[in-house]
$ cat my_file-v1.txt   # compact mmCIF, C-alpha atoms
# COMPACT_ATOMS: atom_id res chain seq x y z
CA MET A 1 93.57 155.00 225.52
CA ASN A 2 95.13 157.05 222.76
CA PRO A 3 96.01 155.40 219.44
CA ALA A 4 99.80 155.71 219.92
CA LEU A 5 99.62 153.77 223.17
CA LEU A 6 97.43 151.13 221.52
CA ILE A 7 99.92 150.71 218.65
CA PHE A 8 102.74 150.53 221.19
CA PHE A 9 101.09 147.71 223.11
CA VAL A 10 100.31 145.74 219.93
CA LEU A 11 103.88 146.04 218.65
CA ALA A 12 105.42 145.41 222.07
CA GLY A 13 103.25 142.32 222.45
CA LEU A 14 104.36 141.07 219.05
CA ALA A 15 108.01 141.65 219.94
CA LEU A 16 107.66 139.82 223.26
CA LEU A 17 105.81 136.94 221.58
CA GLY A 18 108.57 136.65 219.01
CA ALA A 19 111.29 136.73 221.66
CA GLY A 20 109.48 134.13 223.76
CA SER A 21 109.06 131.93 220.72
CA LEU A 22 112.80 132.31 219.98
CA VAL A 23 113.48 130.79 223.39
CA LEU A 24 110.87 128.03 223.21
CA GLN A 25 111.21 126.78 219.62
CA LYS A 26 113.33 123.69 219.16
CA HIS A 27 114.23 124.09 215.49
CA PRO A 28 116.72 126.88 214.61
CA ILE A 29 114.76 127.93 211.53
CA HIS A 30 111.67 128.57 213.69
CA SER A 31 113.81 130.59 216.06
CA ALA A 32 115.15 132.63 213.13
CA LEU A 33 111.62 133.37 211.87
CA SER A 34 110.60 134.47 215.38
CA LEU A 35 113.61 136.78 215.48
CA ILE A 36 112.43 138.36 212.22
CA VAL A 37 109.05 139.07 213.88
CA VAL A 38 110.88 140.79 216.74
CA MET A 39 112.96 142.90 214.35
CA VAL A 40 110.03 144.02 212.22
CA SER A 41 107.95 144.98 215.26
CA LEU A 42 110.94 146.91 216.64
CA ALA A 43 111.10 148.75 213.32
CA GLY A 44 107.43 149.60 213.82
CA LEU A 45 108.22 150.96 217.28
CA TYR A 46 111.00 153.13 215.82
CA LEU A 47 108.50 154.51 213.31
CA LEU A 48 106.08 155.17 216.16
CA MET A 49 108.78 157.12 217.97
CA GLY A 50 109.48 159.13 214.83
CA ALA A 51 112.91 157.66 214.06
CA GLU A 52 112.10 156.78 210.47
CA PHE A 53 115.69 156.42 209.25
CA VAL A 54 116.61 153.91 211.96
CA ALA A 55 113.39 152.02 211.24
CA MET A 56 114.29 151.63 207.56
CA VAL A 57 117.88 150.61 208.36
CA GLN A 58 116.53 148.11 210.86
CA ILE A 59 114.33 146.47 208.24
CA ILE A 60 116.92 146.55 205.45
CA VAL A 61 120.04 145.53 207.39
CA TYR A 62 118.66 143.45 210.26
CA GLY A 63 115.47 142.03 208.81
CA GLY A 64 116.96 141.74 205.36
CA ALA A 65 120.70 141.15 205.27
CA ILE A 66 121.58 139.66 208.66
CA MET A 67 118.58 137.36 208.99
CA VAL A 68 118.93 136.14 205.41
CA LEU A 69 122.53 135.30 206.25
CA PHE A 70 121.37 133.34 209.31
CA ILE A 71 118.72 131.42 207.41
CA PHE A 72 121.18 130.77 204.61
CA VAL A 73 123.65 129.23 207.05
CA ILE A 74 120.92 127.19 208.79
CA MET A 75 119.89 125.72 205.45
CA LEU A 76 123.48 125.31 204.27
CA LEU A 77 124.39 123.29 207.35
CA ASN A 78 121.02 121.51 207.33
CA ALA A 79 120.64 122.21 211.01
CA GLY A 80 118.14 119.89 212.60
CA GLU A 81 116.30 120.07 215.89
CA GLU A 82 118.22 120.90 218.97
CA GLU A 83 119.78 117.92 220.70
CA HIS A 84 118.97 117.89 224.35
CA THR A 85 121.85 117.30 226.62
CA ASP A 86 121.73 117.38 230.37
CA LEU A 87 122.11 120.81 231.82
CA SER A 88 124.44 121.20 234.72
CA LYS A 89 122.79 120.98 238.15
CA LEU A 90 123.28 124.67 238.76
CA ALA A 91 121.62 125.63 235.47
CA LYS A 92 118.75 123.20 236.00
CA PHE A 93 117.67 124.55 239.38
CA ALA A 94 118.98 128.08 239.61
CA GLY A 95 118.87 129.03 235.93
CA LEU A 96 115.25 130.04 235.47
CA PRO A 97 114.87 131.91 238.80
CA LEU A 98 118.13 133.76 238.17
CA ALA A 99 117.08 134.71 234.64
CA LEU A 100 113.72 135.95 235.92
CA ALA A 101 115.48 137.90 238.67
CA LEU A 102 117.80 139.52 236.10
CA THR A 103 114.88 140.53 233.89
CA ALA A 104 112.77 141.78 236.78
CA SER A 105 115.58 143.79 238.32
CA LEU A 106 116.51 145.34 234.96
CA ALA A 107 112.88 146.28 234.35
CA ALA A 108 112.43 147.65 237.88
CA LEU A 109 115.63 149.65 237.49
CA VAL A 110 114.40 151.49 234.41
CA PHE A 111 110.75 151.80 235.43
CA LYS A 112 110.99 155.30 236.86
CA PRO A 113 108.11 157.43 235.59
CA ASP A 114 109.33 160.52 237.45
CA ALA A 115 113.05 160.25 236.68
CA GLY A 116 114.90 163.06 234.94
CA VAL A 117 113.98 161.75 231.50
CA PRO A 118 111.39 163.93 229.74
CA THR A 119 108.10 162.06 229.66
CA ALA A 120 107.23 162.77 226.05
CA ALA A 121 109.20 160.17 224.13
CA HIS A 122 108.40 162.25 221.10
CA ALA A 123 110.33 165.44 221.34
CA PHE A 124 109.89 166.00 217.63
CA ILE A 125 113.32 166.21 216.04
CA PRO A 126 113.07 168.32 212.89
CA LYS A 127 114.88 166.85 209.87
CA ALA A 128 116.24 163.95 211.91
CA THR A 129 117.65 162.11 208.90
CA GLU A 130 119.44 165.22 207.70
CA GLN A 131 120.90 165.75 211.16
CA ILE A 132 122.05 162.13 211.36
CA SER A 133 123.81 162.33 208.03
CA SER A 134 125.60 165.59 208.79
CA MET A 135 126.58 164.23 212.21
CA LEU A 136 127.99 161.06 210.65
CA PHE A 137 130.29 163.11 208.43
CA LYS A 138 131.23 165.79 210.98
CA GLU A 139 131.26 164.82 214.67
CA PHE A 140 131.44 161.08 214.08
CA VAL A 141 133.56 161.00 210.94
CA TYR A 142 136.45 159.13 212.61
CA PRO A 143 134.37 156.22 213.96
CA PHE A 144 132.42 156.23 210.70
CA GLU A 145 135.59 155.70 208.68
CA LEU A 146 136.73 153.07 211.16
CA THR A 147 133.55 151.05 210.53
CA SER A 148 134.56 150.69 206.88
CA PHE A 149 137.83 149.10 208.00
CA LEU A 150 135.87 146.90 210.39
CA ILE A 151 133.68 145.66 207.56
CA LEU A 152 136.70 145.07 205.33
CA VAL A 153 138.38 143.01 208.06
CA ALA A 154 135.12 141.13 208.70
CA ILE A 155 134.80 140.24 205.00
CA MET A 156 138.38 138.98 204.84
CA GLY A 157 137.94 137.10 208.12
CA ALA A 158 134.79 135.38 206.91
CA LEU A 159 136.53 134.41 203.67
CA VAL A 160 139.57 133.01 205.47
CA LEU A 161 137.41 131.11 207.96
CA ALA A 162 135.05 129.57 205.45
CA GLN A 163 137.52 128.56 202.72
CA ARG A 164 138.54 124.96 202.41
CA GLU A 165 142.12 124.10 203.23
CA LYS A 166 144.16 123.07 200.25
CA LYS A 167 145.95 119.79 200.49
CA MET B 1 102.00 159.68 223.46
CA VAL B 2 103.92 156.75 224.89
CA PRO B 3 106.04 157.46 228.00
CA THR B 4 109.74 156.75 227.66
CA HIS B 5 109.89 154.23 230.48
CA TYR B 6 107.50 151.91 228.64
CA TYR B 7 110.10 151.56 225.91
CA LEU B 8 112.84 151.04 228.49
CA VAL B 9 110.91 148.27 230.24
CA LEU B 10 110.24 146.56 226.91
CA SER B 11 113.95 146.86 226.11
CA ALA B 12 114.91 145.35 229.49
CA VAL B 13 112.51 142.42 229.06
CA LEU B 14 113.77 141.72 225.53
CA PHE B 15 117.35 141.81 226.83
CA GLY B 16 116.43 139.39 229.61
CA LEU B 17 114.81 137.00 227.14
CA GLY B 18 117.93 137.19 224.97
CA ALA B 19 120.09 136.36 227.98
CA VAL B 20 117.82 133.41 228.85
CA ALA B 21 118.08 132.10 225.29
CA PHE B 22 121.85 132.59 225.37
CA VAL B 23 122.21 130.46 228.49
CA PHE B 24 119.63 127.76 227.82
CA LYS B 25 119.85 127.03 224.11
CA ARG B 26 122.14 124.28 222.91
CA ASN B 27 122.35 125.11 219.21
CA ILE B 28 125.20 127.45 218.28
CA ILE B 29 123.15 129.26 215.64
CA THR B 30 120.32 129.93 218.10
CA ILE B 31 122.80 131.18 220.69
CA PHE B 32 124.16 133.54 218.08
CA MET B 33 120.63 134.75 217.30
CA SER B 34 120.02 135.50 220.97
CA ILE B 35 123.05 137.82 220.88
CA GLU B 36 121.36 139.68 218.03
CA LEU B 37 118.19 139.88 220.14
CA MET B 38 120.13 141.51 222.98
CA LEU B 39 121.72 144.00 220.58
CA ASN B 40 118.24 144.89 219.31
CA ALA B 41 117.00 145.46 222.85
CA VAL B 42 119.85 147.88 223.48
CA ASN B 43 119.12 149.68 220.21
CA LEU B 44 115.53 150.21 221.36
CA ALA B 45 116.75 151.91 224.54
CA PHE B 46 119.14 154.08 222.49
CA VAL B 47 116.36 155.30 220.19
CA ALA B 48 113.95 155.85 223.10
CA PHE B 49 116.47 158.07 224.88
CA SER B 50 117.35 159.85 221.65
CA GLN B 51 113.71 160.76 221.09
CA ALA B 52 113.15 161.64 224.75
CA PHE B 53 115.97 164.15 224.82
CA GLY B 54 115.39 165.40 221.28
CA LYS B 55 118.95 164.63 220.18
CA VAL B 56 119.97 162.42 217.25
CA GLU B 57 123.26 161.14 218.75
CA GLY B 58 121.47 158.04 220.02
CA GLN B 59 120.31 157.19 216.52
CA VAL B 60 123.87 157.57 215.20
CA PHE B 61 125.03 155.09 217.86
CA VAL B 62 122.31 152.71 216.71
CA LEU B 63 123.76 152.85 213.20
CA PHE B 64 127.20 151.94 214.56
CA VAL B 65 125.72 149.07 216.58
CA ILE B 66 124.01 147.76 213.44
CA VAL B 67 127.26 147.93 211.46
CA VAL B 68 129.15 146.05 214.18
CA ALA B 69 126.33 143.48 214.38
CA ALA B 70 126.56 142.90 210.63
CA ALA B 71 130.34 142.40 210.78
CA GLU B 72 129.91 140.11 213.78
CA ALA B 73 127.28 138.06 211.96
CA ALA B 74 129.60 137.55 208.97
CA VAL B 75 132.56 136.40 211.08
CA GLY B 76 130.43 134.42 213.55
CA LEU B 77 128.65 132.47 210.86
CA GLY B 78 132.04 131.70 209.29
CA ILE B 79 133.14 130.26 212.63
CA ILE B 80 129.90 128.24 212.88
CA ILE B 81 130.50 126.74 209.43
CA LEU B 82 134.02 125.81 210.54
CA ILE B 83 132.74 124.18 213.74
CA GLN B 84 130.18 122.15 211.79
CA ARG B 85 132.92 121.05 209.37
CA ASN B 86 135.27 119.95 212.14
CA ARG B 87 132.85 118.41 214.63
CA GLN B 88 129.86 117.39 212.45
CA SER B 89 127.59 118.90 215.08
CA LEU B 90 126.08 122.23 216.02
CA ASN B 91 125.67 121.29 219.65
CA ILE B 92 127.54 123.69 221.91
CA GLU B 93 128.39 120.81 224.28
CA LYS B 94 130.59 119.29 221.60
CA VAL B 95 132.72 122.42 221.42
CA ASN B 96 134.75 121.85 224.56
CA LEU B 97 138.36 122.15 223.50
CA LEU B 98 139.10 124.74 226.18
CA LYS B 99 137.09 122.99 228.89
CA LEU B 100 139.06 121.66 231.87
$ encode --input "my_file-v1.txt" --output "structure tokens"
Amino acid sequence: MNPALLIFFVLAGLALLGAGSLVLQKHPIHSALSLIVVMVSLAGLYLLMGAEFVAMVQIIVYGGAIMVLFIFVIMLLNAGEEEHTDLSKLAKFAGLPLALALTASLAALVFKPDAGVPTAAHAFIPKATEQISSMLFKEFVYPFELTSFLILVAIMGALVLAQREKK
Amino acid sequence: MVPTHYYLVLSAVLFGLGAVAFVFKRNIITIFMSIELMLNAVNLAFVAFSQAFGKVEGQVFVLFVIVVAAAEAAVGLGIIILIQRNRQSLNIEKVNLLKL
């Protein structure tokens, strides 16, 4: 087994463990910490693939900003353990088999070793970060500028939602 | 070298786990986190294809997905704070204003 494959299986196992723990944990803060494990191991996988810029953005924005926001809100609201309410009959009996069927069919759908996709997931892209940046400001300049409006609207929306109403 | 379809299968399984968490969890914050998990799974597929075909477009899309996820997190957490303030609960069962 070559080292890249070994690293892949370690990181993939970590990601799956984290995702499974997100589902199984009862307390939201434990779920949030599991999600951080998933995100960091995904960043490792991006590095393994040679997408170093995406890996860094993943750690800084996802692992840093977004998850800190989540944990901040969990602590702000003092969220306790999940209350268990009765699931509907359909969810209780058909839920798990259906979820497994969805996952299995998705996985079977993409597991095609001889499909048209080149097998080497490592077509080395020279100067990938440079290419990304020039692409952002040339081909994708319109959506790129739109994202700044999106963020502006999101900031104002969050402010309006979270402010207290004046009496 | 790791074959591309390994990454795709991992991405599919992560997406499935996110969907399971989305359906089964009862805490609004956890449900919101499972959406982030699904977005991450899709990002993994994007980067895997980008590397497989030797084109960086996929990585640019990942950046856009991350930006949208950040905006969504800001607004969504604002909504969660509002729900907690109005209902004194984070249980999704208590948020049933539109339920028949």
$ residues_around --input "my_file-v1.txt" --residues "Val23 of chain A" --least-positions-apart "2" --cutoff "8 Å" --atoms "all atoms listed in the file" --output "PyMOL selection string"
(chain A and resi 19-21+25+31) or (chain B and resi 17-18+20-21+25)
$ atom_distance --input "my_file-v1.txt" --atom1 "atom CA of Ile80 of chain B" --atom2 "atom CA of Leu97 of chain B"
14.9 Å
$ closest_residue --input "my_file-v1.txt" --among "A:Leu161, A:Ile36, A:Ala55, A:Ile7" --to "chain B" --atoms "only C-alpha atoms"
A:Leu161
$ interface_residues --input "my_file-v1.txt" --of "chain B" --to "chain A" --cutoff "7 Å" --atoms "all atoms listed in the file" --output "VMD selection string"
chain B and resid 1 to 5 8 to 10 12 to 14 16 to 17 20 to 21 26 to 27 29 to 30 48 51 to 54 56 59 to 60 70 to 71 73 to 75 78 to 79 81 to 82 91
$ closest_residue --input "my_file-v1.txt" --among "B:Leu90, B:Val95, B:Ala69, B:Ile83" --to "Glu36 of chain B" --atoms "all atoms listed in the file"
B:Ala69
$ atom_distance --input "my_file-v1.txt" --atom1 "atom CA of Leu90 of chain A" --atom2 "atom CA of Asn96 of chain B"
18.5 Å
$ closest_residue --input "my_file-v1.txt" --among "B:Ile92, B:Ile28, B:Ala45, B:Leu77" --to "Phe15 of chain B" --atoms "only C-alpha atoms"
B:Ala45
$ atom_distance --input "my_file-v1.txt" --atom1 "atom CA of Phe93 of chain A" --atom2 "atom CA of Glu93 of chain B"
18.9 Å
$ decode --input "my_file-v1.txt" --residues "segment 8-73 of chain B" --atoms "C-alpha atoms" --output "PDB file, in the first residue's frame"
ATOM      1  CA  LEU B   8     -16.412  10.340  -4.444  1.00  0.00           C
ATOM      2  CA  VAL B   9     -17.547   7.432  -2.280  1.00  0.00           C
ATOM      3  CA  LEU B  10     -16.311   9.201   0.847  1.00  0.00           C
ATOM      4  CA  SER B  11     -18.182  12.316  -0.283  1.00  0.00           C
ATOM      5  CA  ALA B  12     -21.387  10.315  -0.853  1.00  0.00           C
ATOM      6  CA  VAL B  13     -21.169   8.658   2.569  1.00  0.00           C
ATOM      7  CA  LEU B  14     -20.551  11.998   4.309  1.00  0.00           C
ATOM      8  CA  PHE B  15     -23.530  13.473   2.462  1.00  0.00           C
ATOM      9  CA  GLY B  16     -25.683  10.532   3.545  1.00  0.00           C
ATOM     10  CA  LEU B  17     -24.631  10.949   7.171  1.00  0.00           C
ATOM     11  CA  GLY B  18     -25.463  14.653   6.938  1.00  0.00           C
ATOM     12  CA  ALA B  19     -28.901  13.813   5.569  1.00  0.00           C
ATOM     13  CA  VAL B  20     -29.456  11.302   8.387  1.00  0.00           C
ATOM     14  CA  ALA B  21     -28.493  13.910  10.978  1.00  0.00           C
ATOM     15  CA  PHE B  22     -30.753  16.448   9.274  1.00  0.00           C
ATOM     16  CA  VAL B  23     -33.765  14.158   9.539  1.00  0.00           C
ATOM     17  CA  PHE B  24     -33.184  12.579  12.941  1.00  0.00           C
ATOM     18  CA  LYS B  25     -31.794  15.348  15.123  1.00  0.00           C
ATOM     19  CA  ARG B  26     -34.177  17.427  17.181  1.00  0.00           C
ATOM     20  CA  ASN B  27     -31.944  20.372  18.074  1.00  0.00           C
ATOM     21  CA  ILE B  28     -32.073  23.254  15.598  1.00  0.00           C
ATOM     22  CA  ILE B  29     -28.360  24.012  15.951  1.00  0.00           C
ATOM     23  CA  THR B  30     -27.410  20.395  15.237  1.00  0.00           C
ATOM     24  CA  ILE B  31     -29.714  20.325  12.220  1.00  0.00           C
ATOM     25  CA  PHE B  32     -27.966  23.435  10.973  1.00  0.00           C
ATOM     26  CA  MET B  33     -24.581  21.775  11.483  1.00  0.00           C
ATOM     27  CA  SER B  34     -25.681  18.776   9.430  1.00  0.00           C
ATOM     28  CA  ILE B  35     -26.368  21.159   6.533  1.00  0.00           C
ATOM     29  CA  GLU B  36     -22.763  22.325   6.821  1.00  0.00           C
ATOM     30  CA  LEU B  37     -21.660  18.677   6.767  1.00  0.00           C
ATOM     31  CA  MET B  38     -23.536  18.111   3.505  1.00  0.00           C
ATOM     32  CA  LEU B  39     -21.979  21.241   1.975  1.00  0.00           C
ATOM     33  CA  ASN B  40     -18.548  19.923   2.961  1.00  0.00           C
ATOM     34  CA  ALA B  41     -19.253  16.578   1.321  1.00  0.00           C
ATOM     35  CA  VAL B  42     -20.146  18.328  -1.924  1.00  0.00           C
ATOM     36  CA  ASN B  43     -16.984  20.440  -1.716  1.00  0.00           C
ATOM     37  CA  LEU B  44     -14.929  17.247  -1.473  1.00  0.00           C
ATOM     38  CA  ALA B  45     -16.469  15.963  -4.708  1.00  0.00           C
ATOM     39  CA  PHE B  46     -15.798  19.326  -6.388  1.00  0.00           C
ATOM     40  CA  VAL B  47     -12.105  19.281  -5.459  1.00  0.00           C
ATOM     41  CA  ALA B  48     -11.730  15.604  -6.407  1.00  0.00           C
ATOM     42  CA  PHE B  49     -13.113  16.267  -9.884  1.00  0.00           C
ATOM     43  CA  SER B  50     -11.053  19.436 -10.216  1.00  0.00           C
ATOM     44  CA  GLN B  51      -7.858  17.504  -9.513  1.00  0.00           C
ATOM     45  CA  ALA B  52      -8.916  14.564 -11.683  1.00  0.00           C
ATOM     46  CA  PHE B  53      -9.454  16.717 -14.744  1.00  0.00           C
ATOM     47  CA  GLY B  54      -6.553  19.056 -14.011  1.00  0.00           C
ATOM     48  CA  LYS B  55      -8.746  22.162 -14.066  1.00  0.00           C
ATOM     49  CA  VAL B  56      -9.098  24.716 -11.261  1.00  0.00           C
ATOM     50  CA  GLU B  57     -12.737  25.684 -11.962  1.00  0.00           C
ATOM     51  CA  GLY B  58     -13.902  23.174  -9.360  1.00  0.00           C
ATOM     52  CA  GLN B  59     -11.780  24.849  -6.709  1.00  0.00           C
ATOM     53  CA  VAL B  60     -13.232  28.254  -7.617  1.00  0.00           C
ATOM     54  CA  PHE B  61     -16.727  26.793  -7.128  1.00  0.00           C
ATOM     55  CA  VAL B  62     -15.631  25.516  -3.730  1.00  0.00           C
ATOM     56  CA  LEU B  63     -14.688  29.065  -2.765  1.00  0.00           C
ATOM     57  CA  PHE B  64     -18.157  30.278  -3.755  1.00  0.00           C
ATOM     58  CA  VAL B  65     -19.788  27.465  -1.783  1.00  0.00           C
ATOM     59  CA  ILE B  66     -17.739  28.437   1.275  1.00  0.00           C
ATOM     60  CA  VAL B  67     -18.768  32.094   0.936  1.00  0.00           C
ATOM     61  CA  VAL B  68     -22.443  31.156   0.657  1.00  0.00           C
ATOM     62  CA  ALA B  69     -22.086  28.800   3.641  1.00  0.00           C
ATOM     63  CA  ALA B  70     -20.601  31.623   5.714  1.00  0.00           C
ATOM     64  CA  ALA B  71     -23.445  33.992   4.803  1.00  0.00           C
ATOM     65  CA  GLU B  72     -25.964  31.239   5.515  1.00  0.00           C
ATOM     66  CA  ALA B  73     -24.397  30.546   8.908  1.00  0.00           C
TER      67      ALA B  73
END
